[in-house]
Each structure stands twice: as structure tokens, then as C-alpha cells.
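Novice: Quick one: structure below, then a few questions.
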Amino acid sequence: MRTNINIQQVSEVKISYRPKVKAKDRYTIQCSEDAYKLLTKEAFDNDTLEYKEYFKLILLNQAGQVLGITSISEGGMNSTIVDVRLILQTALLTHSSSIIIAHNHPAGATHPSRQDDAITHQIKEAAKLLDIKLHDHLIVSRASYYSYADEGKL
């Protein structure tokens, strides 16, 4: 058994979260259209929306107020890799009660693929273990969107 520990052999982990918006001024999401408007104005770049696929995460508190938006991944013309652990890590570090995930289809069609359904289910089940609700999954295009919540698929 080792009794001498050299502190230089142990890495320090530091967690920081600094909200920039006061609670009373936070954008509130009450429906999928609210999320779509926020995503198309703040998260997705209209100049590249039809160029390649992006996967975004909206973090929400108990009241449905937006704590933040972050990019999870960006990929190619018809796919992007989604790491569920990164999504849940971000939700935990921001003390989010629920999340909304979103991605775009560069071709413009918003109907979900089997892969979209599979990752939605995977994220929903993993989040449930941590008492985080998957509020919605939006597939975004320049002209419209598809909402898993509105379609009863959550």
C-alpha cells in the first residue's frame, strides 16, 4: 500500500458556470415554436444551415427558462456524431431540469430518420436515469421544423 502521495500526480478538476442573463430576463420556452424561433435566431447559422449537419442542445431550468445553448457536434452533409455523455455532462454541470435537442437536415426535409429516432430514444432513456427530462427534439430547416413532442414521439 502506498502512503506517500505526490500532489503533482493528481489532476485538479474545476467546475465553473457563470450565467450571463438574470433569471427574470431569461427566454422561456413554452412550445416547440418558441424553441424553433430561438434556434433559428441564436443557434443555427442560416448561411450554413443547408451546408452541413449541426447538433445543438438547449438547457432549461424547472420553469422552462433557457439557461444556455451549446453546440454538441457538427458533421458532414448528411450526418453528425452525437455523444450522449457530452449532452448529459453539460446538463448536469448547468443544473438543467430538462433539455431540448435539435439538429438540422441540410437537404431541407424535416422528417426523422431511423437514426434520429434511435438517438432520441437513447438520450431520453439516459437522461431519465439522471432525472433530466428530454423536453423535445427538433429537426430544423430554414422553412420549417419537426417536433418529436408535438408528434407524440417522446
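So you can find residues: chains in the C-alpha cells are A, B, ... in the order shown, residues in each start at 1, and ligands are numbered from 1 in order.
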Taking 5 positions as the minimum chain separation for residues in the same chain, which residues sit within 12 Å of stretch 30-35 of chain A when counting only C-alpha atoms? Answer as a PyMOL selection string.

Specialist: chain A and resi 40-44+56-60+62-66+69+99-102+135-140+144-151

Novice: Which parts of stretch 49-104 of chain A does DSSP call alpha helix (DSSP H) when run on the backbone here, written out as number ranges by chain?

Specialist: A: 84-93

Novice: Once you have the residues from the selection above, write them out as a PDB file, in the first residue's frame, restricted to N, CA and C atoms.

Specialist:
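Writing the result to again-v2.pdb gives the following:
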ATOM      1  N   VAL A  84     -23.798  11.096 -26.291  1.00  0.00           N
ATOM      2  CA  VAL A  84     -24.817  11.246 -25.248  1.00  0.00           C
ATOM      3  C   VAL A  84     -24.179  11.696 -23.937  1.00  0.00           C
ATOM      4  N   ARG A  85     -22.993  11.221 -23.647  1.00  0.00           N
ATOM      5  CA  ARG A  85     -22.317  11.598 -22.401  1.00  0.00           C
ATOM      6  C   ARG A  85     -22.042  13.093 -22.346  1.00  0.00           C
ATOM      7  N   LEU A  86     -21.673  13.679 -23.468  1.00  0.00           N
ATOM      8  CA  LEU A  86     -21.414  15.115 -23.526  1.00  0.00           C
ATOM      9  C   LEU A  86     -22.695  15.904 -23.263  1.00  0.00           C
ATOM     10  N   ILE A  87     -23.801  15.449 -23.805  1.00  0.00           N
ATOM     11  CA  ILE A  87     -25.093  16.099 -23.576  1.00  0.00           C
ATOM     12  C   ILE A  87     -25.447  16.076 -22.096  1.00  0.00           C
ATOM     13  N   LEU A  88     -25.343  14.908 -21.488  1.00  0.00           N
ATOM     14  CA  LEU A  88     -25.718  14.775 -20.078  1.00  0.00           C
ATOM     15  C   LEU A  88     -24.733  15.480 -19.149  1.00  0.00           C
ATOM     16  N   GLN A  89     -23.460  15.461 -19.495  1.00  0.00           N
ATOM     17  CA  GLN A  89     -22.473  16.184 -18.704  1.00  0.00           C
ATOM     18  C   GLN A  89     -22.814  17.668 -18.678  1.00  0.00           C
ATOM     19  N   THR A  90     -23.133  18.216 -19.832  1.00  0.00           N
ATOM     20  CA  THR A  90     -23.464  19.631 -19.926  1.00  0.00           C
ATOM     21  C   THR A  90     -24.718  19.947 -19.128  1.00  0.00           C
ATOM     22  N   ALA A  91     -25.720  19.085 -19.231  1.00  0.00           N
ATOM     23  CA  ALA A  91     -26.967  19.289 -18.477  1.00  0.00           C
ATOM     24  C   ALA A  91     -26.714  19.248 -16.968  1.00  0.00           C
ATOM     25  N   LEU A  92     -25.895  18.323 -16.533  1.00  0.00           N
ATOM     26  CA  LEU A  92     -25.589  18.224 -15.100  1.00  0.00           C
ATOM     27  C   LEU A  92     -24.801  19.437 -14.601  1.00  0.00           C
ATOM     28  N   LEU A  93     -23.816  19.855 -15.365  1.00  0.00           N
ATOM     29  CA  LEU A  93     -22.977  20.976 -14.942  1.00  0.00           C
ATOM     30  C   LEU A  93     -23.741  22.297 -14.879  1.00  0.00           C
TER      31      LEU A  93
END

Novice: What separation in Å, quoted to one decimal, exists between atom CA of A:Gly75 and atom CA of A:Glu53?

Specialist: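 Calculated distance between atom CA of A:Gly75 and atom CA of A:Glu53 is 5.3 Å.
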
Novice: Near A:Ser98, within 6 Å and counting only C-alpha atoms, which residues show up once chain neighbours fewer than 2 positions away are dropped, as a ChimeraX atom specification?

Specialist: /A:60,96,132-134

Novice: With all heavy atoms retained, could you export that selection as a PDB file, in the first residue's frame?

Specialist:
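Once written, again_15.pdb looks like this:
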ATOM      1  N   LEU A  60     -32.537  23.892 -19.991  1.00  0.00           N
ATOM      2  CA  LEU A  60     -33.675  24.569 -19.359  1.00  0.00           C
ATOM      3  C   LEU A  60     -33.714  24.324 -17.859  1.00  0.00           C
ATOM      4  O   LEU A  60     -33.339  23.249 -17.380  1.00  0.00           O
ATOM      5  CB  LEU A  60     -34.988  24.054 -19.957  1.00  0.00           C
ATOM      6  CG  LEU A  60     -35.152  24.176 -21.467  1.00  0.00           C
ATOM      7  CD1 LEU A  60     -36.325  23.333 -21.935  1.00  0.00           C
ATOM      8  CD2 LEU A  60     -35.327  25.618 -21.853  1.00  0.00           C
ATOM      9  N   SER A  96     -29.463  21.738 -15.175  1.00  0.00           N
ATOM     10  CA  SER A  96     -30.662  21.768 -16.009  1.00  0.00           C
ATOM     11  C   SER A  96     -31.669  20.727 -15.545  1.00  0.00           C
ATOM     12  O   SER A  96     -31.309  19.603 -15.217  1.00  0.00           O
ATOM     13  CB  SER A  96     -30.297  21.490 -17.468  1.00  0.00           C
ATOM     14  OG  SER A  96     -29.430  22.485 -17.947  1.00  0.00           O
ATOM     15  N   ILE A 132     -33.440  14.030 -15.587  1.00  0.00           N
ATOM     16  CA  ILE A 132     -33.460  15.150 -16.522  1.00  0.00           C
ATOM     17  C   ILE A 132     -34.452  14.784 -17.626  1.00  0.00           C
ATOM     18  O   ILE A 132     -34.373  13.685 -18.195  1.00  0.00           O
ATOM     19  CB  ILE A 132     -32.062  15.418 -17.118  1.00  0.00           C
ATOM     20  CG1 ILE A 132     -31.086  15.813 -16.017  1.00  0.00           C
ATOM     21  CG2 ILE A 132     -32.134  16.485 -18.207  1.00  0.00           C
ATOM     22  CD1 ILE A 132     -29.635  15.857 -16.461  1.00  0.00           C
ATOM     23  N   LYS A 133     -35.361  15.674 -17.912  1.00  0.00           N
ATOM     24  CA  LYS A 133     -36.394  15.389 -18.908  1.00  0.00           C
ATOM     25  C   LYS A 133     -35.945  15.848 -20.290  1.00  0.00           C
ATOM     26  O   LYS A 133     -35.489  16.978 -20.459  1.00  0.00           O
ATOM     27  CB  LYS A 133     -37.692  16.101 -18.539  1.00  0.00           C
ATOM     28  CG  LYS A 133     -38.802  15.840 -19.524  1.00  0.00           C
ATOM     29  CD  LYS A 133     -40.050  16.608 -19.191  1.00  0.00           C
ATOM     30  CE  LYS A 133     -41.100  16.315 -20.261  1.00  0.00           C
ATOM     31  NZ  LYS A 133     -42.221  17.194 -20.194  1.00  0.00           N
ATOM     32  N   LEU A 134     -36.113  14.966 -21.269  1.00  0.00           N
ATOM     33  CA  LEU A 134     -35.937  15.370 -22.661  1.00  0.00           C
ATOM     34  C   LEU A 134     -37.254  16.009 -23.079  1.00  0.00           C
ATOM     35  O   LEU A 134     -38.251  15.322 -23.295  1.00  0.00           O
ATOM     36  CB  LEU A 134     -35.584  14.187 -23.560  1.00  0.00           C
ATOM     37  CG  LEU A 134     -35.473  14.505 -25.053  1.00  0.00           C
ATOM     38  CD1 LEU A 134     -34.431  15.590 -25.315  1.00  0.00           C
ATOM     39  CD2 LEU A 134     -35.168  13.250 -25.850  1.00  0.00           C
TER      40      LEU A 134
END

Novice: Determine the nearest neighbour of A:Thr120 from the options A:Lys24, A:Pro106, A:Ser71, A:Lys153, counting only C-alpha atoms.

Specialist: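 Smallest separation from A:Thr120 among the options: A:Lys153.
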
Novice: Provide the atom CA of A:Ile29 to atom CA of A:Tyr54 distance in Å, to one decimal place.

Specialist: 20.8 Å

Novice: What's the separation between atom CA of A:Asp47 and atom CA of A:Gly108, in Å to one decimal place?

Specialist: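 Atom CA of A:Asp47 sits 13.4 Å away from atom CA of A:Gly108.
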
Novice: Using only C-alpha atoms, pick whichever of A:Ala143, A:Ala23, A:Ile72, A:Leu38 has the shortest atom-to-atom distance to A:Ala109.

Specialist: A:Ala143

Novice: Would you list, as a PyMOL selection string, the residues of stretch 26-139 of chain A that end up in strand (DSSP E or B) under DSSP run on this structure's backbone?

Specialist: chain A and resi 28+54-60+65-74+98-104+133-139
